[in-house]
Amino acid sequence: MVSKIIITVLVIVIVALVIKLVMDNRKGESEADYSLPPPETLDAHDVAAFIDSEATTFRVRTTCDVLPGGYSAAMSPLLVDWNKSDVSPGGEILLININHGGNPVSGVTELRSAVIRPDKVIKVQFIMVPLGGPEAIAHSMIRFIFEDGGAEFSGSDRGVAGKSEKLEDLMISWEAWRAPGVDYKMMKGMDPETYELSCRAYSGPQRFLEDALMNRDWNMYELKLPGGKDGYIELLKVALALGDGASRYSIVWMIEDAEQKLQEKGLDSDPEQSAAAGVWRALKERAGASSAPDDDPRADMTGRTGYQSLIRSCATMALYCVDLTVARLIEAGYPADGARPTQKPEMVEEPAWMVELGSADIAGILMRTPKALAYARSNPTIIPGNIPKALEEAGLLVMEDGEPWSKRYSMQGDTPWGHRWQLLIR
């Protein structure tokens with residue numbers, strides 16, 4: 001196991017060095033080569049209408065619409081309207097910013113509101129999405145599958161005839177939030193000041209389509225948690241509390257930062273700018289005044305919203321949701337039957353050497369490699385490819401004939417909703 005970790009870390013270091021050399025040779029190129037339109041901040045009144053459920057769909061232009069601070073509006077994180085939600089058994093939860101229905105090719109992202117009923121979760125899956133190259137380098141997500149009536153989009157479109165849309169599953173995906181057109185760089189992400197942490201929500205088909213367009217498959221594992229169905233419900237609530245907490249903290253500081261810059265530029269005296277700033281300020285105050293009805297300090301994301309490629313990555317945050325849930329279930333007295341968290345669920349601070357990797361040159365990367373190897377040996381799940389094995393050893397995966405049940409899905413063949421020949425017109 002240790003030798004595999006060392007080899008994997010060395011591979012990642014070598015890949016990072018190669019990428020850095022390539023990028024250094026492309027200094028003449030810039031992100032402007034993509035010919036993206038200039039960024040445009042969303043109208044605060046439109047955002048308020050969506051938050052207040054006056055509109056149940058928010059359509060944004062993927063390549064140019066931004067929130068205050070310049071962060072992509074298409075990557076807006078999930079929010080929970082706690083005032084309109086009931087987290088008690090049998091209750092409903094109102095979610096905002098579920099990505100569903102847009103067309104990635106035309107550059108349109110649609111964010112939707114939906115009501116989910118946690119009691120109707122019937123299955124939870126941990127999904128690994130290889131990103132090319134070594135399978136150890138992968139994106140991770142959690143997929144919740146509902147029985148009929150367990151989830152539905154809010155509102156109805158009177159201008160649409162025919163069958164209503166179904167929401168059968170919900171994807172929770174932690175991602176590096178950035179400006180439109182800005183690529184995620186693993187080494188830059190070592191510095192948590194580079195990207196913000198966004199917990200995004202998708203319908204399963206929407207996320208699968210977007211991954212398929214990037215030639216990315218899904219490796220799916222089914223989770224087995226203490227308490228059975230109660231465990232699935234708890235995981236959903238924990239994931240929503242963590243995601244919503246990170247979202248609200250980010251929104252508050254983004255708007256505060258935008259307000260400060262507006263004042264520095266002397267634009268706050270402009271009537272139009274001032275009116276918009278007032279609406280954003282009201283949204284900021286609402287975001288800061290609402291939170292999940294959960295006082296577990298392990299679910300507090302305050303001050304921890306910088307994406308970090310090892311400590312707070314897509315994979316480590318998805319795993320943290322699972323580990324915190326399992327710990328809470330065991331503490332609540334559910335029979336564990338040998339199951340346990342893969343590691344102690346606690347938020348840790350990134351060491352200085354790890355942050356320094358974000359701006360290090362080749363010599364700097366090599367100099368810190370021994371520390372990276374030592375850290376990986378002590379924390380093997382910072383490497384996404386090690387997570388399925390860790391879940392298996394912790395007794396948290398459904399097993400079949402002595403092996404974890406798993407399935408690989410691709411748009412070239414089977415998808416979770418059927419073979420492509422069953423789904424596409426041809």
# chains A, B, ... in the order shown; residues from 1 in each chain; ligands from 1
call {"tool": "select_by_dssp", "arguments": {"residues": "stretch 179-315 of chain A", "states": "alpha helix (DSSP H)", "output": "mmCIF file with N, CA, C and O atoms, in the first residue's frame"}}
result
data_model
loop_
_atom_site.group_PDB
_atom_site.id
_atom_site.type_symbol
_atom_site.label_atom_id
_atom_site.label_comp_id
_atom_site.auth_asym_id
_atom_site.auth_seq_id
_atom_site.Cartn_x
_atom_site.Cartn_y
_atom_site.Cartn_z
ATOM 1 N N GLY A 204 -28.579 14.264 -12.064
ATOM 2 C CA GLY A 204 -27.630 13.283 -12.591
ATOM 3 C C GLY A 204 -27.425 13.371 -14.093
ATOM 4 O O GLY A 204 -26.280 13.417 -14.568
ATOM 5 N N PRO A 205 -28.509 13.403 -14.894
ATOM 6 C CA PRO A 205 -28.327 13.455 -16.348
ATOM 7 C C PRO A 205 -27.571 14.689 -16.820
ATOM 8 O O PRO A 205 -26.792 14.616 -17.771
ATOM 9 N N GLN A 206 -27.789 15.834 -16.160
ATOM 10 C CA GLN A 206 -27.094 17.048 -16.578
ATOM 11 C C GLN A 206 -25.588 16.905 -16.342
ATOM 12 O O GLN A 206 -24.776 17.235 -17.206
ATOM 13 N N ARG A 207 -25.225 16.403 -15.171
ATOM 14 C CA ARG A 207 -23.797 16.254 -14.873
ATOM 15 C C ARG A 207 -23.168 15.195 -15.775
ATOM 16 O O ARG A 207 -22.033 15.356 -16.252
ATOM 17 N N PHE A 208 -23.871 14.099 -16.019
ATOM 18 C CA PHE A 208 -23.327 13.047 -16.865
ATOM 19 C C PHE A 208 -23.077 13.574 -18.274
ATOM 20 O O PHE A 208 -22.057 13.276 -18.894
ATOM 21 N N LEU A 209 -24.010 14.382 -18.785
ATOM 22 C CA LEU A 209 -23.850 14.967 -20.115
ATOM 23 C C LEU A 209 -22.601 15.838 -20.169
ATOM 24 O O LEU A 209 -21.803 15.749 -21.116
ATOM 25 N N GLU A 210 -22.416 16.675 -19.160
ATOM 26 C CA GLU A 210 -21.267 17.571 -19.168
ATOM 27 C C GLU A 210 -19.951 16.798 -19.071
ATOM 28 O O GLU A 210 -18.960 17.161 -19.712
ATOM 29 N N ASP A 211 -19.941 15.731 -18.281
ATOM 30 C CA ASP A 211 -18.734 14.896 -18.214
ATOM 31 C C ASP A 211 -18.508 14.164 -19.532
ATOM 32 O O ASP A 211 -17.367 14.030 -19.998
ATOM 33 N N ALA A 212 -19.590 13.688 -20.160
ATOM 34 C CA ALA A 212 -19.461 12.973 -21.432
ATOM 35 C C ALA A 212 -18.876 13.872 -22.506
ATOM 36 O O ALA A 212 -18.065 13.423 -23.339
ATOM 37 N N LEU A 213 -19.253 15.146 -22.499
ATOM 38 C CA LEU A 213 -18.718 16.082 -23.485
ATOM 39 C C LEU A 213 -17.221 16.300 -23.296
ATOM 40 O O LEU A 213 -16.525 16.737 -24.213
ATOM 41 N N LYS A 229 -31.236 3.052 5.583
ATOM 42 C CA LYS A 229 -31.880 4.225 4.986
ATOM 43 C C LYS A 229 -31.679 5.469 5.840
ATOM 44 O O LYS A 229 -31.499 6.574 5.322
ATOM 45 N N ASP A 230 -31.704 5.301 7.175
ATOM 46 C CA ASP A 230 -31.456 6.449 8.047
ATOM 47 C C ASP A 230 -30.071 7.032 7.792
ATOM 48 O O ASP A 230 -29.862 8.241 7.898
ATOM 49 N N GLY A 231 -29.120 6.158 7.449
ATOM 50 C CA GLY A 231 -27.777 6.626 7.120
ATOM 51 C C GLY A 231 -27.762 7.456 5.859
ATOM 52 O O GLY A 231 -27.056 8.470 5.775
ATOM 53 N N TYR A 232 -28.543 7.050 4.855
ATOM 54 C CA TYR A 232 -28.627 7.820 3.609
ATOM 55 C C TYR A 232 -29.213 9.205 3.881
ATOM 56 O O TYR A 232 -28.736 10.219 3.347
ATOM 57 N N ILE A 233 -30.263 9.235 4.701
ATOM 58 C CA ILE A 233 -30.916 10.506 5.031
ATOM 59 C C ILE A 233 -29.938 11.431 5.750
ATOM 60 O O ILE A 233 -29.843 12.622 5.456
ATOM 61 N N GLU A 234 -29.187 10.852 6.699
ATOM 62 C CA GLU A 234 -28.223 11.653 7.455
ATOM 63 C C GLU A 234 -27.125 12.195 6.546
ATOM 64 O O GLU A 234 -26.713 13.357 6.668
ATOM 65 N N LEU A 235 -26.651 11.375 5.611
ATOM 66 C CA LEU A 235 -25.613 11.827 4.684
ATOM 67 C C LEU A 235 -26.118 12.985 3.833
ATOM 68 O O LEU A 235 -25.398 13.964 3.598
ATOM 69 N N LEU A 236 -27.355 12.906 3.372
ATOM 70 C CA LEU A 236 -27.919 13.996 2.575
ATOM 71 C C LEU A 236 -27.970 15.287 3.390
ATOM 72 O O LEU A 236 -27.565 16.355 2.920
ATOM 73 N N LYS A 237 -28.429 15.195 4.626
ATOM 74 C CA LYS A 237 -28.535 16.391 5.460
ATOM 75 C C LYS A 237 -27.158 16.965 5.793
ATOM 76 O O LYS A 237 -26.971 18.183 5.818
ATOM 77 N N VAL A 238 -26.182 16.091 6.050
ATOM 78 C CA VAL A 238 -24.826 16.555 6.348
ATOM 79 C C VAL A 238 -24.229 17.253 5.130
ATOM 80 O O VAL A 238 -23.629 18.329 5.237
ATOM 81 N N ALA A 239 -24.390 16.637 3.946
ATOM 82 C CA ALA A 239 -23.845 17.232 2.726
ATOM 83 C C ALA A 239 -24.468 18.591 2.447
ATOM 84 O O ALA A 239 -23.775 19.544 2.056
ATOM 85 N N LEU A 240 -25.777 18.715 2.663
ATOM 86 C CA LEU A 240 -26.453 19.993 2.431
ATOM 87 C C LEU A 240 -26.010 21.044 3.445
ATOM 88 O O LEU A 240 -25.817 22.220 3.098
ATOM 89 N N ALA A 241 -25.836 20.636 4.696
ATOM 90 C CA ALA A 241 -25.400 21.590 5.719
ATOM 91 C C ALA A 241 -23.996 22.099 5.422
ATOM 92 O O ALA A 241 -23.721 23.300 5.521
ATOM 93 N N LEU A 242 -23.097 21.195 5.051
ATOM 94 C CA LEU A 242 -21.727 21.601 4.717
ATOM 95 C C LEU A 242 -21.703 22.492 3.479
ATOM 96 O O LEU A 242 -21.051 23.546 3.464
ATOM 97 N N GLY A 243 -22.419 22.070 2.440
ATOM 98 C CA GLY A 243 -22.424 22.833 1.197
ATOM 99 C C GLY A 243 -23.049 24.201 1.354
ATOM 100 O O GLY A 243 -22.509 25.206 0.885
ATOM 101 N N ASP A 244 -24.187 24.257 2.030
ATOM 102 C CA ASP A 244 -24.861 25.533 2.235
ATOM 103 C C ASP A 244 -24.024 26.457 3.117
ATOM 104 O O ASP A 244 -23.943 27.662 2.870
ATOM 105 N N GLY A 245 -23.376 25.893 4.133
ATOM 106 C CA GLY A 245 -22.540 26.709 5.008
ATOM 107 C C GLY A 245 -21.391 27.351 4.265
ATOM 108 O O GLY A 245 -21.098 28.539 4.444
ATOM 109 N N ALA A 246 -20.730 26.561 3.404
ATOM 110 C CA ALA A 246 -19.641 27.114 2.600
ATOM 111 C C ALA A 246 -20.169 28.180 1.648
ATOM 112 O O ALA A 246 -19.538 29.230 1.451
ATOM 113 N N SER A 247 -21.332 27.933 1.059
ATOM 114 C CA SER A 247 -21.917 28.874 0.100
ATOM 115 C C SER A 247 -22.194 30.220 0.744
ATOM 116 O O SER A 247 -21.845 31.282 0.202
ATOM 117 N N ARG A 248 -22.825 30.204 1.897
ATOM 118 C CA ARG A 248 -23.209 31.449 2.555
ATOM 119 C C ARG A 248 -21.993 32.248 2.999
ATOM 120 O O ARG A 248 -21.957 33.476 2.857
ATOM 121 N N TYR A 249 -20.985 31.574 3.499
ATOM 122 C CA TYR A 249 -19.778 32.283 3.911
ATOM 123 C C TYR A 249 -19.126 32.951 2.695
ATOM 124 O O TYR A 249 -18.682 34.103 2.762
ATOM 125 N N SER A 250 -19.073 32.219 1.574
ATOM 126 C CA SER A 250 -18.464 32.765 0.360
ATOM 127 C C SER A 250 -19.234 33.978 -0.155
ATOM 128 O O SER A 250 -18.647 34.997 -0.533
ATOM 129 N N ILE A 251 -20.559 33.870 -0.186
ATOM 130 C CA ILE A 251 -21.386 34.958 -0.693
ATOM 131 C C ILE A 251 -21.179 36.228 0.126
ATOM 132 O O ILE A 251 -21.064 37.332 -0.422
ATOM 133 N N VAL A 252 -21.104 36.077 1.435
ATOM 134 C CA VAL A 252 -20.926 37.240 2.310
ATOM 135 C C VAL A 252 -19.621 37.956 2.009
ATOM 136 O O VAL A 252 -19.595 39.182 1.802
ATOM 137 N N TRP A 253 -18.514 37.217 1.961
ATOM 138 C CA TRP A 253 -17.235 37.911 1.754
ATOM 139 C C TRP A 253 -17.105 38.443 0.327
ATOM 140 O O TRP A 253 -16.476 39.492 0.108
ATOM 141 N N MET A 254 -17.697 37.755 -0.650
ATOM 142 C CA MET A 254 -17.638 38.237 -2.033
ATOM 143 C C MET A 254 -18.324 39.598 -2.176
ATOM 144 O O MET A 254 -17.804 40.519 -2.809
ATOM 145 N N ILE A 255 -19.510 39.717 -1.595
ATOM 146 C CA ILE A 255 -20.247 40.970 -1.703
ATOM 147 C C ILE A 255 -19.547 42.064 -0.905
ATOM 148 O O ILE A 255 -19.471 43.214 -1.349
ATOM 149 N N GLU A 256 -19.030 41.712 0.266
ATOM 150 C CA GLU A 256 -18.287 42.708 1.057
ATOM 151 C C GLU A 256 -17.064 43.208 0.291
ATOM 152 O O GLU A 256 -16.768 44.404 0.286
ATOM 153 N N ASP A 257 -16.358 42.282 -0.368
ATOM 154 C CA ASP A 257 -15.183 42.668 -1.142
ATOM 155 C C ASP A 257 -15.567 43.567 -2.314
ATOM 156 O O ASP A 257 -14.884 44.557 -2.615
ATOM 157 N N ALA A 258 -16.692 43.243 -2.980
ATOM 158 C CA ALA A 258 -17.157 44.060 -4.105
ATOM 159 C C ALA A 258 -17.561 45.451 -3.628
ATOM 160 O O ALA A 258 -17.299 46.461 -4.301
ATOM 161 N N GLU A 259 -18.196 45.533 -2.451
ATOM 162 C CA GLU A 259 -18.590 46.829 -1.893
ATOM 163 C C GLU A 259 -17.366 47.696 -1.615
ATOM 164 O O GLU A 259 -17.355 48.899 -1.916
ATOM 165 N N GLN A 260 -16.339 47.083 -1.056
ATOM 166 C CA GLN A 260 -15.124 47.824 -0.747
ATOM 167 C C GLN A 260 -14.460 48.368 -2.009
ATOM 168 O O GLN A 260 -14.021 49.514 -2.051
ATOM 169 N N LYS A 261 -14.408 47.535 -3.054
ATOM 170 C CA LYS A 261 -13.800 47.975 -4.311
ATOM 171 C C LYS A 261 -14.612 49.088 -4.955
ATOM 172 O O LYS A 261 -14.060 49.995 -5.585
ATOM 173 N N LEU A 262 -15.935 49.021 -4.793
ATOM 174 C CA LEU A 262 -16.806 50.065 -5.339
ATOM 175 C C LEU A 262 -16.509 51.399 -4.656
ATOM 176 O O LEU A 262 -16.440 52.452 -5.314
ATOM 177 N N GLN A 263 -16.320 51.353 -3.350
ATOM 178 C CA GLN A 263 -16.004 52.563 -2.596
ATOM 179 C C GLN A 263 -14.632 53.110 -2.986
ATOM 180 O O GLN A 263 -14.450 54.324 -3.120
ATOM 181 N N GLU A 264 -13.664 52.211 -3.154
ATOM 182 C CA GLU A 264 -12.309 52.641 -3.509
ATOM 183 C C GLU A 264 -12.286 53.341 -4.863
ATOM 184 O O GLU A 264 -11.498 54.265 -5.085
ATOM 185 N N PRO A 271 -25.983 56.781 -8.663
ATOM 186 C CA PRO A 271 -27.313 56.278 -8.265
ATOM 187 C C PRO A 271 -27.573 54.836 -8.688
ATOM 188 O O PRO A 271 -28.093 54.035 -7.908
ATOM 189 N N GLU A 272 -27.240 54.520 -9.933
ATOM 190 C CA GLU A 272 -27.498 53.155 -10.424
ATOM 191 C C GLU A 272 -26.633 52.143 -9.681
ATOM 192 O O GLU A 272 -27.116 51.091 -9.249
ATOM 193 N N GLN A 273 -25.341 52.458 -9.536
ATOM 194 C CA GLN A 273 -24.432 51.562 -8.824
ATOM 195 C C GLN A 273 -24.857 51.423 -7.368
ATOM 196 O O GLN A 273 -24.823 50.333 -6.779
ATOM 197 N N SER A 274 -25.266 52.530 -6.783
ATOM 198 C CA SER A 274 -25.665 52.517 -5.379
ATOM 199 C C SER A 274 -26.916 51.658 -5.157
ATOM 200 O O SER A 274 -27.014 50.918 -4.174
ATOM 201 N N ALA A 275 -27.869 51.745 -6.091
ATOM 202 C CA ALA A 275 -29.098 50.950 -5.967
ATOM 203 C C ALA A 275 -28.792 49.461 -6.053
ATOM 204 O O ALA A 275 -29.312 48.656 -5.274
ATOM 205 N N ALA A 276 -27.940 49.088 -7.022
ATOM 206 C CA ALA A 276 -27.565 47.684 -7.163
ATOM 207 C C ALA A 276 -26.826 47.197 -5.927
ATOM 208 O O ALA A 276 -27.067 46.092 -5.430
ATOM 209 N N ALA A 277 -25.924 48.056 -5.414
ATOM 210 C CA ALA A 277 -25.160 47.685 -4.217
ATOM 211 C C ALA A 277 -26.088 47.452 -3.035
ATOM 212 O O ALA A 277 -25.849 46.570 -2.196
ATOM 213 N N GLY A 278 -27.177 48.247 -2.963
ATOM 214 C CA GLY A 278 -28.131 48.072 -1.871
ATOM 215 C C GLY A 278 -28.820 46.716 -1.916
ATOM 216 O O GLY A 278 -29.032 46.084 -0.877
ATOM 217 N N VAL A 279 -29.164 46.253 -3.125
ATOM 218 C CA VAL A 279 -29.810 44.945 -3.260
ATOM 219 C C VAL A 279 -28.828 43.835 -2.894
ATOM 220 O O VAL A 279 -29.164 42.874 -2.190
ATOM 221 N N TRP A 280 -27.581 43.957 -3.386
ATOM 222 C CA TRP A 280 -26.574 42.955 -3.043
ATOM 223 C C TRP A 280 -26.339 42.932 -1.529
ATOM 224 O O TRP A 280 -26.177 41.866 -0.933
ATOM 225 N N ARG A 281 -26.331 44.107 -0.912
ATOM 226 C CA ARG A 281 -26.107 44.187 0.528
ATOM 227 C C ARG A 281 -27.222 43.461 1.285
ATOM 228 O O ARG A 281 -26.973 42.743 2.265
ATOM 229 N N ALA A 282 -28.457 43.631 0.810
ATOM 230 C CA ALA A 282 -29.587 42.949 1.447
ATOM 231 C C ALA A 282 -29.456 41.433 1.306
ATOM 232 O O ALA A 282 -29.745 40.682 2.245
ATOM 233 N N LEU A 283 -29.018 40.984 0.128
ATOM 234 C CA LEU A 283 -28.810 39.552 -0.083
ATOM 235 C C LEU A 283 -27.692 39.035 0.813
ATOM 236 O O LEU A 283 -27.765 37.925 1.351
ATOM 237 N N LYS A 284 -26.644 39.848 0.978
ATOM 238 C CA LYS A 284 -25.533 39.455 1.855
ATOM 239 C C LYS A 284 -26.020 39.286 3.289
ATOM 240 O O LYS A 284 -25.667 38.301 3.969
ATOM 241 N N GLU A 285 -26.832 40.221 3.756
ATOM 242 C CA GLU A 285 -27.333 40.151 5.132
ATOM 243 C C GLU A 285 -28.222 38.934 5.333
ATOM 244 O O GLU A 285 -28.184 38.276 6.379
ATOM 245 N N ARG A 286 -29.013 38.609 4.317
ATOM 246 C CA ARG A 286 -29.865 37.426 4.416
ATOM 247 C C ARG A 286 -29.025 36.151 4.436
ATOM 248 O O ARG A 286 -29.316 35.212 5.182
ATOM 249 N N ALA A 287 -27.986 36.143 3.616
ATOM 250 C CA ALA A 287 -27.122 34.962 3.574
ATOM 251 C C ALA A 287 -26.426 34.748 4.911
ATOM 252 O O ALA A 287 -26.298 33.616 5.395
ATOM 253 N N GLY A 288 -25.981 35.836 5.515
ATOM 254 C CA GLY A 288 -25.285 35.717 6.780
ATOM 255 C C GLY A 288 -26.181 35.418 7.956
ATOM 256 O O GLY A 288 -25.715 34.920 8.989
ATOM 257 N N ALA A 289 -27.479 35.692 7.817
ATOM 258 C CA ALA A 289 -28.404 35.512 8.935
ATOM 259 C C ALA A 289 -29.035 34.130 8.971
ATOM 260 O O ALA A 289 -29.731 33.785 9.926
ATOM 261 N N CYS A 314 -12.276 18.278 -4.380
ATOM 262 C CA CYS A 314 -13.560 17.626 -4.680
ATOM 263 C C CYS A 314 -13.642 16.274 -3.982
ATOM 264 O O CYS A 314 -14.666 15.911 -3.399
ATOM 265 N N ALA A 315 -12.526 15.515 -4.017
ATOM 266 C CA ALA A 315 -12.515 14.165 -3.470
ATOM 267 C C ALA A 315 -12.504 14.168 -1.951
ATOM 268 O O ALA A 315 -13.264 13.430 -1.302
#
call {"tool": "residues_around", "arguments": {"residues": "A:Gly364", "least_positions_apart": "4", "cutoff": "12 Å", "atoms": "only C-alpha atoms", "output": "NGL selection string"}}
result
:A and (13 or 17 or 187 or 353-360 or 368-371)
call {"tool": "closest_residue", "arguments": {"among": "A:Val66, A:Ser140, A:Leu197, A:Pro39", "to": "A:Met220", "atoms": "only C-alpha atoms"}}
result
A:Ser140
call {"tool": "select_by_dssp", "arguments": {"residues": "stretch 159-382 of chain A", "states": "strand (DSSP E or B)", "output": "PyMOL selection string"}}
result
chain A and resi 169-177+196-203+218-223+306+308+312
call {"tool": "residues_around", "arguments": {"residues": "A:Gln412", "least_positions_apart": "4", "cutoff": "12 Å", "atoms": "only C-alpha atoms", "output": "list of chain:residue names"}}
result
A:Leu209, A:Ala212, A:Leu213, A:Asn215, A:Arg216, A:Asp217, A:Trp218, A:Arg408, A:Gly418, A:His419, A:Arg420, A:Trp421, A:Leu423, A:Leu424
call {"tool": "closest_residue", "arguments": {"among": "A:Ile387, A:Ile93, A:Ala136, A:Leu324", "to": "A:Lys120", "atoms": "only C-alpha atoms"}}
result
A:Ile93
call {"tool": "residues_around", "arguments": {"residues": "A:Ala55", "least_positions_apart": "5", "cutoff": "12 Å", "atoms": "only C-alpha atoms", "output": "PyMOL selection string"}}
result
chain A and resi 45-50+96-97+110-114+153-157
call {"tool": "residues_around", "arguments": {"residues": "A:Val398", "least_positions_apart": "4", "cutoff": "9 Å", "atoms": "only C-alpha atoms", "output": "list of chain:residue names"}}
result
A:Tyr221, A:Glu222, A:Leu223, A:Lys224, A:Glu392, A:Glu403, A:Pro404, A:Trp405, A:Ser406
call {"tool": "write_last_selection", "arguments": {"atoms": "all heavy atoms", "output": "JSON list (two decimals), in the first residue's frame"}}
result
[["chain", "number", "residue", "atom", "x", "y", "z"],
["A", 221, "TYR", "N", -19.69, 3.49, -7.19],
["A", 221, "TYR", "CA", -19.66, 2.58, -6.05],
["A", 221, "TYR", "C", -20.88, 2.87, -5.18],
["A", 221, "TYR", "O", -21.23, 4.04, -4.97],
["A", 221, "TYR", "CB", -18.39, 2.77, -5.21],
["A", 221, "TYR", "CG", -17.11, 2.53, -5.98],
["A", 221, "TYR", "CD1", -16.53, 3.54, -6.74],
["A", 221, "TYR", "CD2", -16.49, 1.29, -5.95],
["A", 221, "TYR", "CE1", -15.36, 3.33, -7.45],
["A", 221, "TYR", "CE2", -15.31, 1.07, -6.66],
["A", 221, "TYR", "CZ", -14.76, 2.09, -7.41],
["A", 221, "TYR", "OH", -13.60, 1.88, -8.12],
["A", 222, "GLU", "N", -21.50, 1.83, -4.66],
["A", 222, "GLU", "CA", -22.69, 2.01, -3.83],
["A", 222, "GLU", "C", -22.30, 2.01, -2.36],
["A", 222, "GLU", "O", -21.62, 1.10, -1.89],
["A", 222, "GLU", "CB", -23.71, 0.91, -4.12],
["A", 222, "GLU", "CG", -25.08, 1.20, -3.52],
["A", 222, "GLU", "CD", -26.15, 0.26, -4.07],
["A", 222, "GLU", "OE1", -26.05, -0.14, -5.24],
["A", 222, "GLU", "OE2", -27.08, -0.06, -3.30],
["A", 223, "LEU", "N", -22.74, 3.03, -1.64],
["A", 223, "LEU", "CA", -22.40, 3.17, -0.24],
["A", 223, "LEU", "C", -23.32, 2.33, 0.65],
["A", 223, "LEU", "O", -24.51, 2.19, 0.39],
["A", 223, "LEU", "CB", -22.48, 4.63, 0.19],
["A", 223, "LEU", "CG", -21.41, 5.57, -0.38],
["A", 223, "LEU", "CD1", -21.70, 7.01, 0.03],
["A", 223, "LEU", "CD2", -20.02, 5.16, 0.09],
["A", 224, "LYS", "N", -22.71, 1.79, 1.72],
["A", 224, "LYS", "CA", -23.46, 1.08, 2.77],
["A", 224, "LYS", "C", -23.13, 1.78, 4.09],
["A", 224, "LYS", "O", -21.98, 1.77, 4.52],
["A", 224, "LYS", "CB", -23.07, -0.39, 2.83],
["A", 224, "LYS", "CG", -23.84, -1.20, 3.86],
["A", 224, "LYS", "CD", -23.37, -2.64, 3.91],
["A", 224, "LYS", "CE", -21.99, -2.74, 4.54],
["A", 224, "LYS", "NZ", -21.57, -4.15, 4.74],
["A", 392, "GLU", "N", -13.87, 0.71, 1.18],
["A", 392, "GLU", "CA", -14.04, -0.74, 1.32],
["A", 392, "GLU", "C", -13.50, -1.22, 2.67],
["A", 392, "GLU", "O", -14.17, -1.98, 3.39],
["A", 392, "GLU", "CB", -13.32, -1.46, 0.18],
["A", 392, "GLU", "CG", -13.39, -2.98, 0.29],
["A", 392, "GLU", "CD", -12.51, -3.69, -0.71],
["A", 392, "GLU", "OE1", -11.92, -3.01, -1.58],
["A", 392, "GLU", "OE2", -12.40, -4.93, -0.62],
["A", 403, "GLU", "N", -16.23, -8.61, -3.56],
["A", 403, "GLU", "CA", -15.64, -7.41, -4.14],
["A", 403, "GLU", "C", -16.63, -6.25, -4.05],
["A", 403, "GLU", "O", -17.85, -6.47, -4.05],
["A", 403, "GLU", "CB", -15.26, -7.63, -5.61],
["A", 403, "GLU", "CG", -14.20, -8.71, -5.84],
["A", 403, "GLU", "CD", -12.83, -8.27, -5.36],
["A", 403, "GLU", "OE1", -12.59, -7.04, -5.32],
["A", 403, "GLU", "OE2", -12.01, -9.13, -5.02],
["A", 404, "PRO", "N", -16.14, -5.01, -3.98],
["A", 404, "PRO", "CA", -17.07, -3.88, -3.98],
["A", 404, "PRO", "C", -17.90, -3.85, -5.26],
["A", 404, "PRO", "O", -17.35, -4.03, -6.36],
["A", 404, "PRO", "CB", -16.15, -2.65, -3.91],
["A", 404, "PRO", "CG", -14.85, -3.15, -3.37],
["A", 404, "PRO", "CD", -14.73, -4.56, -3.86],
["A", 405, "TRP", "N", -19.21, -3.65, -5.10],
["A", 405, "TRP", "CA", -20.03, -3.49, -6.29],
["A", 405, "TRP", "C", -19.61, -2.20, -6.98],
["A", 405, "TRP", "O", -19.52, -1.14, -6.36],
["A", 405, "TRP", "CB", -21.51, -3.40, -5.92],
["A", 405, "TRP", "CG", -22.40, -3.20, -7.12],
["A", 405, "TRP", "CD1", -23.01, -4.17, -7.86],
["A", 405, "TRP", "CD2", -22.74, -1.94, -7.74],
["A", 405, "TRP", "NE1", -23.71, -3.60, -8.89],
["A", 405, "TRP", "CE2", -23.57, -2.24, -8.86],
["A", 405, "TRP", "CE3", -22.43, -0.62, -7.48],
["A", 405, "TRP", "CZ2", -24.09, -1.25, -9.68],
["A", 405, "TRP", "CZ3", -22.94, 0.37, -8.30],
["A", 405, "TRP", "CH2", -23.77, 0.05, -9.39],
["A", 406, "SER", "N", -19.33, -2.29, -8.25],
["A", 406, "SER", "CA", -18.95, -1.09, -9.00],
["A", 406, "SER", "C", -19.39, -1.23, -10.44],
["A", 406, "SER", "O", -19.58, -2.35, -10.94],
["A", 406, "SER", "CB", -17.43, -0.83, -8.93],
["A", 406, "SER", "OG", -16.74, -1.88, -9.58]]
call {"tool": "closest_residue", "arguments": {"among": "A:Gly385, A:Leu225, A:Asp337, A:Ala74", "to": "A:Val124", "atoms": "only C-alpha atoms"}}
result
A:Leu225
call {"tool": "residues_around", "arguments": {"residues": "A:Gly306", "least_positions_apart": "5", "cutoff": "7 Å", "atoms": "only C-alpha atoms", "output": "PyMOL selection string"}}
result
chain A and resi 192-193+195-197
call {"tool": "atom_distance", "arguments": {"atom1": "atom CA of A:Thr41", "atom2": "atom CA of A:Trp174"}}
result
23.1 Å
